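So this block is entry-v3.cif, mmCIF, C-alpha atoms:
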```cif
data_query
#
loop_
_atom_site.group_PDB
_atom_site.id
_atom_site.type_symbol
_atom_site.label_atom_id
_atom_site.label_comp_id
_atom_site.auth_asym_id
_atom_site.auth_seq_id
_atom_site.Cartn_x
_atom_site.Cartn_y
_atom_site.Cartn_z
ATOM 1 C CA MET U 1 7.575 -16.660 15.872
ATOM 2 C CA PRO U 2 7.288 -18.937 12.826
ATOM 3 C CA THR U 3 8.602 -17.477 9.616
ATOM 4 C CA SER U 4 6.984 -17.699 6.205
ATOM 5 C CA THR U 5 7.839 -20.598 3.927
ATOM 6 C CA LEU U 6 7.534 -18.346 0.870
ATOM 7 C CA PRO U 7 10.871 -18.010 -0.933
ATOM 8 C CA ARG U 8 12.060 -14.423 -1.143
ATOM 9 C CA GLU U 9 13.602 -15.155 -4.551
ATOM 10 C CA SER U 10 10.147 -15.677 -6.075
ATOM 11 C CA HIS U 11 9.089 -12.192 -4.963
ATOM 12 C CA GLU U 12 12.252 -10.608 -6.282
ATOM 13 C CA THR U 13 12.011 -12.408 -9.635
ATOM 14 C CA ARG U 14 8.428 -11.262 -10.276
ATOM 15 C CA ILE U 15 9.153 -7.736 -9.112
ATOM 16 C CA ALA U 16 12.252 -7.508 -11.312
ATOM 17 C CA ALA U 17 10.262 -8.788 -14.307
ATOM 18 C CA ALA U 18 7.617 -6.056 -14.045
ATOM 19 C CA ASP U 19 7.619 -3.254 -16.628
ATOM 20 C CA TRP U 20 8.617 -0.405 -14.313
ATOM 21 C CA HIS U 21 8.562 2.173 -17.107
ATOM 22 C CA ALA U 22 4.887 1.326 -17.645
ATOM 23 C CA VAL U 23 4.332 1.463 -13.876
ATOM 24 C CA GLU U 24 5.776 4.986 -13.746
ATOM 25 C CA ASP U 25 3.643 6.072 -16.699
ATOM 26 C CA ALA U 26 0.456 4.705 -15.081
ATOM 27 C CA LEU U 27 1.272 6.315 -11.733
ATOM 28 C CA GLY U 28 1.789 9.679 -13.362
ATOM 29 C CA ARG U 29 -1.400 9.387 -15.409
ATOM 30 C CA ASP U 30 -3.790 7.685 -12.965
ATOM 31 C CA GLY U 31 -2.197 7.737 -9.523
ATOM 32 C CA TYR U 32 -2.017 3.930 -9.462
ATOM 33 C CA ALA U 33 -0.522 1.000 -11.383
ATOM 34 C CA VAL U 34 -1.525 -2.680 -11.227
ATOM 35 C CA LEU U 35 1.131 -5.418 -11.091
ATOM 36 C CA PRO U 36 -0.688 -8.619 -12.111
ATOM 37 C CA ALA U 37 -0.088 -11.985 -10.416
ATOM 38 C CA LEU U 38 2.767 -10.836 -8.196
ATOM 39 C CA LEU U 39 1.818 -13.518 -5.636
ATOM 40 C CA THR U 40 0.607 -17.074 -6.245
ATOM 41 C CA SER U 41 -2.653 -18.372 -4.773
ATOM 42 C CA ALA U 42 -0.658 -20.458 -2.283
ATOM 43 C CA GLN U 43 1.287 -17.395 -1.163
ATOM 44 C CA CYS U 44 -1.943 -15.430 -0.797
ATOM 45 C CA LYS U 45 -3.506 -18.207 1.288
ATOM 46 C CA GLU U 46 -0.495 -18.356 3.593
ATOM 47 C CA LEU U 47 -0.437 -14.599 4.139
ATOM 48 C CA ALA U 48 -4.201 -14.391 4.746
ATOM 49 C CA GLY U 49 -4.002 -17.332 7.130
ATOM 50 C CA SER U 50 -1.470 -15.506 9.287
ATOM 51 C CA TYR U 51 -4.206 -13.094 10.410
ATOM 52 C CA ALA U 52 -5.046 -15.451 13.280
ATOM 53 C CA ASP U 53 -1.447 -15.523 14.585
ATOM 54 C CA GLU U 54 -1.499 -12.755 17.193
ATOM 55 C CA ALA U 55 2.243 -13.068 17.839
ATOM 56 C CA ARG U 56 2.956 -11.490 14.445
ATOM 57 C CA PHE U 57 1.195 -8.191 15.179
ATOM 58 C CA ARG U 58 1.729 -5.102 17.344
ATOM 59 C CA SER U 59 -1.879 -3.848 17.328
ATOM 60 C CA ARG U 60 -5.423 -4.550 16.094
ATOM 61 C CA ILE U 61 -7.666 -1.746 14.854
ATOM 62 C CA VAL U 62 -11.464 -2.091 14.738
ATOM 63 C CA MET U 63 -12.421 0.528 12.149
ATOM 64 C CA GLU U 64 -15.881 1.317 13.523
ATOM 65 C CA ARG U 65 -14.396 2.580 16.812
ATOM 66 C CA TYR U 66 -12.548 5.352 14.983
ATOM 67 C CA ALA U 67 -15.120 6.115 12.256
ATOM 68 C CA PHE U 68 -12.757 4.610 9.665
ATOM 69 C CA GLY U 69 -15.503 2.346 8.290
ATOM 70 C CA ARG U 70 -16.317 -1.240 9.283
ATOM 71 C CA GLY U 71 -13.921 -4.173 9.452
ATOM 72 C CA GLU U 72 -10.531 -4.528 11.085
ATOM 73 C CA TYR U 73 -6.833 -4.639 10.426
ATOM 74 C CA LYS U 74 -3.626 -5.498 12.240
ATOM 75 C CA TYR U 75 -0.188 -3.894 12.058
ATOM 76 C CA PHE U 76 2.723 -6.325 11.911
ATOM 77 C CA SER U 77 5.387 -6.052 14.604
ATOM 78 C CA TYR U 78 9.145 -6.073 14.110
ATOM 79 C CA PRO U 79 10.769 -8.274 13.031
ATOM 80 C CA LEU U 80 8.387 -8.487 10.078
ATOM 81 C CA PRO U 81 7.537 -11.932 8.675
ATOM 82 C CA ASP U 82 10.040 -12.932 6.005
ATOM 83 C CA ALA U 83 7.538 -12.595 3.153
ATOM 84 C CA VAL U 84 6.434 -9.110 4.228
ATOM 85 C CA GLU U 85 10.005 -7.902 4.800
ATOM 86 C CA GLY U 86 11.055 -9.392 1.462
ATOM 87 C CA LEU U 87 8.304 -7.551 -0.410
ATOM 88 C CA ARG U 88 9.116 -4.285 1.329
ATOM 89 C CA GLN U 89 12.841 -4.604 0.600
ATOM 90 C CA SER U 90 12.328 -5.671 -3.033
ATOM 91 C CA LEU U 91 9.701 -3.107 -4.004
ATOM 92 C CA TYR U 92 11.330 -0.057 -2.428
ATOM 93 C CA PRO U 93 14.411 0.186 -4.743
ATOM 94 C CA ARG U 94 12.123 0.072 -7.803
ATOM 95 C CA LEU U 95 9.916 2.848 -6.477
ATOM 96 C CA ALA U 96 12.500 5.147 -4.866
ATOM 97 C CA PRO U 97 13.813 6.579 -8.185
ATOM 98 C CA ILE U 98 10.224 7.320 -9.269
ATOM 99 C CA ALA U 99 9.575 8.933 -5.874
ATOM 100 C CA ASN U 100 12.629 11.156 -6.278
ATOM 101 C CA ARG U 101 11.553 12.251 -9.758
ATOM 102 C CA TRP U 102 8.067 13.065 -8.431
ATOM 103 C CA HIS U 103 9.477 15.110 -5.559
ATOM 104 C CA ALA U 104 11.757 17.027 -7.923
ATOM 105 C CA THR U 105 8.812 17.739 -10.218
ATOM 106 C CA MET U 106 6.610 18.916 -7.327
ATOM 107 C CA ARG U 107 9.470 20.928 -5.740
ATOM 108 C CA ILE U 108 9.443 18.853 -2.554
ATOM 109 C CA GLU U 109 12.829 18.911 -0.877
ATOM 110 C CA GLU U 110 13.039 15.373 0.582
ATOM 111 C CA ARG U 111 14.851 12.702 -1.453
ATOM 112 C CA PHE U 112 14.897 8.972 -0.777
ATOM 113 C CA PRO U 113 17.995 6.758 -0.405
ATOM 114 C CA ALA U 114 18.641 3.679 -2.541
ATOM 115 C CA THR U 115 17.682 1.022 0.025
ATOM 116 C CA HIS U 116 14.804 0.614 2.408
ATOM 117 C CA ASP U 117 17.156 -0.034 5.318
ATOM 118 C CA GLU U 118 18.555 3.480 4.845
ATOM 119 C CA PHE U 119 15.107 5.033 4.620
ATOM 120 C CA ARG U 120 13.882 3.128 7.675
ATOM 121 C CA GLY U 121 16.891 4.527 9.551
ATOM 122 C CA ILE U 122 15.812 8.058 8.622
ATOM 123 C CA CYS U 123 12.285 7.344 9.858
ATOM 124 C CA HIS U 124 13.509 5.837 13.130
ATOM 125 C CA ALA U 125 15.866 8.743 13.790
ATOM 126 C CA ALA U 126 12.849 11.068 13.494
ATOM 127 C CA GLY U 127 10.830 9.016 15.999
ATOM 128 C CA GLN U 128 8.868 7.030 13.393
ATOM 129 C CA ARG U 129 9.707 3.590 14.779
ATOM 130 C CA ARG U 130 6.455 1.623 14.630
ATOM 131 C CA PRO U 131 6.146 -0.725 11.613
ATOM 132 C CA THR U 132 3.284 0.062 9.255
ATOM 133 C CA PRO U 133 2.830 -3.026 6.989
ATOM 134 C CA LEU U 134 -0.615 -4.372 7.776
ATOM 135 C CA LEU U 135 -3.106 -7.147 7.098
ATOM 136 C CA LEU U 136 -6.764 -6.189 6.622
ATOM 137 C CA ARG U 137 -9.887 -8.346 6.913
ATOM 138 C CA TYR U 138 -13.333 -7.436 5.598
ATOM 139 C CA ARG U 139 -16.548 -9.417 6.041
ATOM 140 C CA ALA U 140 -20.144 -8.839 4.885
ATOM 141 C CA ASN U 141 -21.158 -5.144 5.169
ATOM 142 C CA ASP U 142 -17.595 -4.026 5.975
ATOM 143 C CA TYR U 143 -16.004 -1.101 4.131
ATOM 144 C CA CYS U 144 -13.179 1.406 4.489
ATOM 145 C CA CYS U 145 -13.616 5.181 4.261
ATOM 146 C CA LEU U 146 -11.463 7.192 1.886
ATOM 147 C CA HIS U 147 -8.190 8.077 3.586
ATOM 148 C CA GLN U 148 -4.432 8.640 3.312
ATOM 149 C CA ASP U 149 -1.735 6.666 5.167
ATOM 150 C CA LEU U 150 0.741 9.345 6.277
ATOM 151 C CA TYR U 151 1.892 8.551 9.876
ATOM 152 C CA GLY U 152 4.631 11.177 10.324
ATOM 153 C CA ASP U 153 6.892 13.804 8.783
ATOM 154 C CA HIS U 154 8.701 11.335 6.501
ATOM 155 C CA VAL U 155 6.221 9.987 3.956
ATOM 156 C CA PHE U 156 7.214 7.730 1.075
ATOM 157 C CA PRO U 157 4.934 8.740 -1.836
ATOM 158 C CA PHE U 158 3.825 5.187 -2.756
ATOM 159 C CA GLN U 159 2.361 2.153 -1.043
ATOM 160 C CA VAL U 160 1.538 -1.291 -2.414
ATOM 161 C CA ILE U 161 -1.635 -3.280 -1.721
ATOM 162 C CA PHE U 162 -1.982 -7.022 -2.450
ATOM 163 C CA LEU U 163 -5.379 -8.693 -2.839
ATOM 164 C CA LEU U 164 -5.212 -12.094 -1.120
ATOM 165 C CA ASP U 165 -8.676 -13.487 -1.983
ATOM 166 C CA GLU U 166 -10.458 -14.011 -5.313
ATOM 167 C CA PRO U 167 -13.384 -11.732 -6.262
ATOM 168 C CA GLY U 168 -16.531 -13.656 -7.205
ATOM 169 C CA ARG U 169 -15.328 -16.792 -5.424
ATOM 170 C CA ASP U 170 -14.291 -15.684 -1.941
ATOM 171 C CA PHE U 171 -16.220 -12.420 -1.757
ATOM 172 C CA GLU U 172 -18.497 -10.022 -3.633
ATOM 173 C CA GLY U 173 -18.273 -6.243 -3.570
ATOM 174 C CA GLY U 174 -15.305 -4.813 -1.707
ATOM 175 C CA GLU U 175 -13.783 -2.955 -4.659
ATOM 176 C CA LEU U 176 -10.682 -0.830 -4.132
ATOM 177 C CA LEU U 177 -11.580 2.824 -4.681
ATOM 178 C CA LEU U 178 -9.306 5.735 -5.577
ATOM 179 C CA ALA U 179 -10.572 9.333 -5.452
ATOM 180 C CA GLU U 180 -8.673 12.351 -6.751
ATOM 181 C CA SER U 181 -9.215 15.975 -5.758
ATOM 182 C CA ASN U 182 -7.822 18.302 -8.413
ATOM 183 C CA PRO U 183 -7.720 22.079 -7.746
ATOM 184 C CA LYS U 184 -7.999 22.852 -11.468
ATOM 185 C CA GLN U 185 -10.445 20.171 -12.672
ATOM 186 C CA ALA U 186 -13.514 18.333 -11.464
ATOM 187 C CA GLY U 187 -12.696 15.486 -9.076
ATOM 188 C CA ARG U 188 -12.697 11.898 -10.288
ATOM 189 C CA ALA U 189 -12.905 8.398 -8.855
ATOM 190 C CA ASP U 190 -11.679 5.016 -10.072
ATOM 191 C CA VAL U 191 -12.536 1.435 -9.188
ATOM 192 C CA VAL U 192 -9.210 -0.413 -9.329
ATOM 193 C CA PRO U 193 -9.694 -3.903 -10.839
ATOM 194 C CA LEU U 194 -7.770 -6.602 -8.953
ATOM 195 C CA ARG U 195 -7.655 -10.398 -8.882
ATOM 196 C CA GLN U 196 -6.124 -12.658 -6.259
ATOM 197 C CA GLY U 197 -2.343 -12.160 -6.174
ATOM 198 C CA ASP U 198 -2.413 -8.813 -7.964
ATOM 199 C CA ALA U 199 -0.667 -5.825 -6.425
ATOM 200 C CA VAL U 200 -1.491 -2.183 -6.945
ATOM 201 C CA VAL U 201 0.970 0.652 -6.398
ATOM 202 C CA LEU U 202 -0.885 3.731 -5.120
ATOM 203 C CA ALA U 203 0.135 7.340 -4.692
ATOM 204 C CA VAL U 204 -0.094 7.922 -0.933
ATOM 205 C CA ASN U 205 -1.119 11.570 -0.904
ATOM 206 C CA HIS U 206 -0.663 13.388 -4.241
ATOM 207 C CA ARG U 207 0.649 13.152 -7.800
ATOM 208 C CA PRO U 208 2.170 15.761 -10.117
ATOM 209 C CA VAL U 209 -0.099 17.121 -12.861
ATOM 210 C CA ARG U 210 1.281 19.165 -15.753
ATOM 211 C CA SER U 211 -0.211 22.575 -16.479
ATOM 212 C CA GLY U 212 0.709 25.483 -18.733
ATOM 213 C CA ARG U 213 2.840 26.920 -15.920
ATOM 214 C CA GLY U 214 4.579 23.725 -14.818
ATOM 215 C CA TYR U 215 3.268 21.148 -12.353
ATOM 216 C CA TYR U 216 0.782 21.252 -9.513
ATOM 217 C CA ARG U 217 -0.431 18.599 -7.046
ATOM 218 C CA ALA U 218 -3.603 16.555 -7.286
ATOM 219 C CA HIS U 219 -4.511 14.911 -3.980
ATOM 220 C CA LEU U 220 -5.566 11.268 -3.737
ATOM 221 C CA ARG U 221 -7.357 9.109 -1.179
ATOM 222 C CA HIS U 222 -8.249 5.432 -1.282
ATOM 223 C CA GLY U 223 -10.813 3.174 0.367
ATOM 224 C CA VAL U 224 -12.865 0.002 -0.077
ATOM 225 C CA SER U 225 -16.525 -0.250 -1.074
ATOM 226 C CA ARG U 226 -19.003 -2.263 1.004
ATOM 227 C CA LEU U 227 -18.448 -6.022 0.941
ATOM 228 C CA ARG U 228 -21.708 -7.768 0.019
ATOM 229 C CA LYS U 229 -20.712 -11.302 1.015
ATOM 230 C CA GLY U 230 -17.730 -13.508 1.866
ATOM 231 C CA GLU U 231 -14.359 -12.515 3.306
ATOM 232 C CA ARG U 232 -11.635 -10.326 1.801
ATOM 233 C CA HIS U 233 -8.020 -10.022 3.007
ATOM 234 C CA THR U 234 -5.420 -7.571 1.770
ATOM 235 C CA LEU U 235 -1.774 -6.990 2.596
ATOM 236 C CA GLY U 236 -0.644 -3.374 2.730
ATOM 237 C CA ILE U 237 3.030 -2.518 2.292
ATOM 238 C CA ILE U 238 3.694 0.998 3.565
ATOM 239 C CA PHE U 239 7.332 2.038 3.427
ATOM 240 C CA HIS U 240 7.494 4.798 6.055
ATOM 241 C CA ASP U 241 7.087 3.811 9.698
ATOM 242 C CA ALA U 242 4.803 5.557 12.203
ATOM 243 C CA LYS U 243 5.377 7.745 15.231
#
```
Let's see the structure in the file written out as structure tokens.
Amino acid sequence: MPTSTLPRESHETRIAAADWHAVEDALGRDGYAVLPALLTSAQCKELAGSYADEARFRSRIVMERYAFGRGEYKYFSYPLPDAVEGLRQSLYPRLAPIANRWHATMRIEERFPATHDEFRGICHAAGQRRPTPLLLRYRANDYCCLHQDLYGDHVFPFQVIFLLDEPGRDFEGGELLLAESNPKQAGRADVVPLRQGDAVVLAVNHRPVRSGRGYYRAHLRHGVSRLRKGERHTLGIIFHDAK
């Protein structure tokens, strides 16, 4: 299998330069945080172009067959392409401390180790051995229903989505949607603004919300609105593997 030509150092440099205190604040407030221009246009083009290389993937999902929406996506197989593995390895150590603070706040027992290799070992020991990073493709009239990406007993509380095409040039519509169900307030929804190369960190299933008696959990789901024209690719980095 050919490996990516994208240098891992460029990913690590941009990730290290991000304001992770601001990321944590945005996640706690909104359930998501945008990391602008984490990938270059050339990197986005290379990743999107790999969709046609069947040797890279373990399975292809046509959303309409499962009432997930319309469009399709493919799960990468192990070993992951260098660029995808590099992003997963570089992002995880920045997010794991935030994940541990969230779990402590929400009184969830599980804690996450310092490296992704250690966490992947925990997943694999529990039977979650199938890789979950994925590449998604939407065309005109495609969309994705609101959902959560859980996959097993061990769930890392964040995932990262990269937009690989440029809105207004490569496609129209297809906005990333985030909906929150709050047991103590009216529900809300956000359209997450992204440009080509931007990444967004999302809460996978819930976020802690402060109340007069401590913290409770607001539940989140995400999806994609209907694409009006063009083609839209995204890369999803999910940190827990699937059963």
Practice task
Do a neighbour search on Cys144 in chain U at 7 Å with all atoms listed in the file, toss out local chain neighbours closer than 4 positions, and write the hits as a VMD selection string.
Solution key: chain U and resid 68 to 70 223 to 225
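Proximity of U:Ala17, U:Val34, U:Leu39, U:Ile122 to Gln196 in chain U, computed with all atoms listed in the file, is greatest for U:Leu39.
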Exercise for the section: Could you expand the PyMOL selection byres ((chain U and resi 185) around 12) into the explicit residues it covers here, written as a PyMOL selection string? Expected result: chain U and resi 180-184+186-188+209+211+216-219
Handout entry: From U:Ala126, U:Val23, U:Leu91, U:Ile161, residue lying nearest Ala114 in chain U [all atoms listed in the file]
Key =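 Of U:Ala126, U:Val23, U:Leu91, U:Ile161, the one nearest Ala114 in chain U, counting all atoms listed in the file, is U:Leu91.
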Practice task
Find the residues near His116 in chain U: any atom within 10 Å, counting only C-alpha atoms, skip ones fewer than 6 places away on the same chain, and give them as a list in words.
Solution key: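 In the requested form, the answer reads Arg88, Gln89, Ser90, Leu91, Tyr92, Pro93, Ala96, Ile122, Phe239 and His240 of chain U.
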Problem - the PyMOL selection byres ((chain U and resi 58-60) around 10) applied to the shown file, residues as a list of chain:residue names - result: U:Glu54, U:Ala55, U:Arg56, U:Phe57, U:Ile61, U:Val62, U:Met63, U:Glu72, U:Tyr73, U:Lys74, U:Tyr75, U:Phe76, U:Ser77, U:Tyr78, U:Arg130, U:Pro131, U:Thr132, U:Leu134, U:Leu135, U:Leu136
Practice task
Measure the distance from CA of Gly197 in chain U to CA of Ser10 in chain U in Å and round it to one decimal.
Solution key: 13.0 Å
Problem - Shortest interatomic distance to Val160 in chain U - which of U:Val201, U:Ala140, U:Ala33, U:Val192, counting all atoms listed in the file - result: U:Val201
Exercise for the section: Check the smallest atom-to-atom distance from each of U:Ala125, U:Leu178, U:Leu38, U:Ala22 to Leu163 in chain U using all atoms listed in the file, then report the winner. Expected result: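 The answer is U:Leu38, which sits nearest to Leu163 in chain U.
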Handout entry: Counting all atoms listed in the file, the option among U:Val84, U:Leu150, U:Leu95, U:Cys123 closest to His206 in chain U
Key =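 Among the listed residues, U:Leu150 lies closest to His206 in chain U.
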Once N, CA and C atoms are restored for range 117-132 of chain U, what would the output be as an mmCIF file, in the frame of the given file?
```
data_model
loop_
_atom_site.group_PDB
_atom_site.id
_atom_site.type_symbol
_atom_site.label_atom_id
_atom_site.label_comp_id
_atom_site.auth_asym_id
_atom_site.auth_seq_id
_atom_site.Cartn_x
_atom_site.Cartn_y
_atom_site.Cartn_z
ATOM 1 N N ASP U 117 16.492 -0.093 4.013
ATOM 2 C CA ASP U 117 17.156 -0.034 5.318
ATOM 3 C C ASP U 117 17.597 1.401 5.636
ATOM 4 N N GLU U 118 18.133 2.097 4.629
ATOM 5 C CA GLU U 118 18.555 3.480 4.845
ATOM 6 C C GLU U 118 17.356 4.380 5.146
ATOM 7 N N PHE U 119 16.285 4.202 4.399
ATOM 8 C CA PHE U 119 15.107 5.033 4.620
ATOM 9 C C PHE U 119 14.471 4.739 5.979
ATOM 10 N N ARG U 120 14.421 3.482 6.357
ATOM 11 C CA ARG U 120 13.882 3.128 7.675
ATOM 12 C C ARG U 120 14.717 3.793 8.775
ATOM 13 N N GLY U 121 16.043 3.846 8.575
ATOM 14 C CA GLY U 121 16.891 4.527 9.551
ATOM 15 C C GLY U 121 16.547 6.001 9.692
ATOM 16 N N ILE U 122 16.225 6.654 8.579
ATOM 17 C CA ILE U 122 15.812 8.058 8.622
ATOM 18 C C ILE U 122 14.516 8.203 9.410
ATOM 19 N N CYS U 123 13.560 7.309 9.140
ATOM 20 C CA CYS U 123 12.285 7.344 9.858
ATOM 21 C C CYS U 123 12.504 7.145 11.354
ATOM 22 N N HIS U 124 13.306 6.152 11.722
ATOM 23 C CA HIS U 124 13.509 5.837 13.130
ATOM 24 C C HIS U 124 14.224 6.968 13.857
ATOM 25 N N ALA U 125 15.166 7.617 13.175
ATOM 26 C CA ALA U 125 15.866 8.743 13.790
ATOM 27 C C ALA U 125 14.930 9.909 14.069
ATOM 28 N N ALA U 126 13.838 10.000 13.303
ATOM 29 C CA ALA U 126 12.849 11.068 13.494
ATOM 30 C C ALA U 126 11.717 10.641 14.430
ATOM 31 N N GLY U 127 11.850 9.485 15.065
ATOM 32 C CA GLY U 127 10.830 9.016 15.999
ATOM 33 C C GLY U 127 9.731 8.187 15.366
ATOM 34 N N GLN U 128 9.845 7.890 14.068
ATOM 35 C CA GLN U 128 8.868 7.030 13.393
ATOM 36 C C GLN U 128 9.395 5.597 13.438
ATOM 37 N N ARG U 129 9.095 4.893 14.527
ATOM 38 C CA ARG U 129 9.707 3.590 14.779
ATOM 39 C C ARG U 129 8.721 2.431 14.732
ATOM 40 N N ARG U 130 7.438 2.705 14.603
ATOM 41 C CA ARG U 130 6.455 1.623 14.630
ATOM 42 C C ARG U 130 6.204 1.110 13.210
ATOM 43 N N PRO U 131 6.322 -0.192 12.971
ATOM 44 C CA PRO U 131 6.146 -0.725 11.613
ATOM 45 C C PRO U 131 4.718 -0.525 11.123
ATOM 46 N N THR U 132 4.587 -0.250 9.839
ATOM 47 C CA THR U 132 3.284 0.062 9.255
ATOM 48 C C THR U 132 2.720 -0.979 8.292
#
```
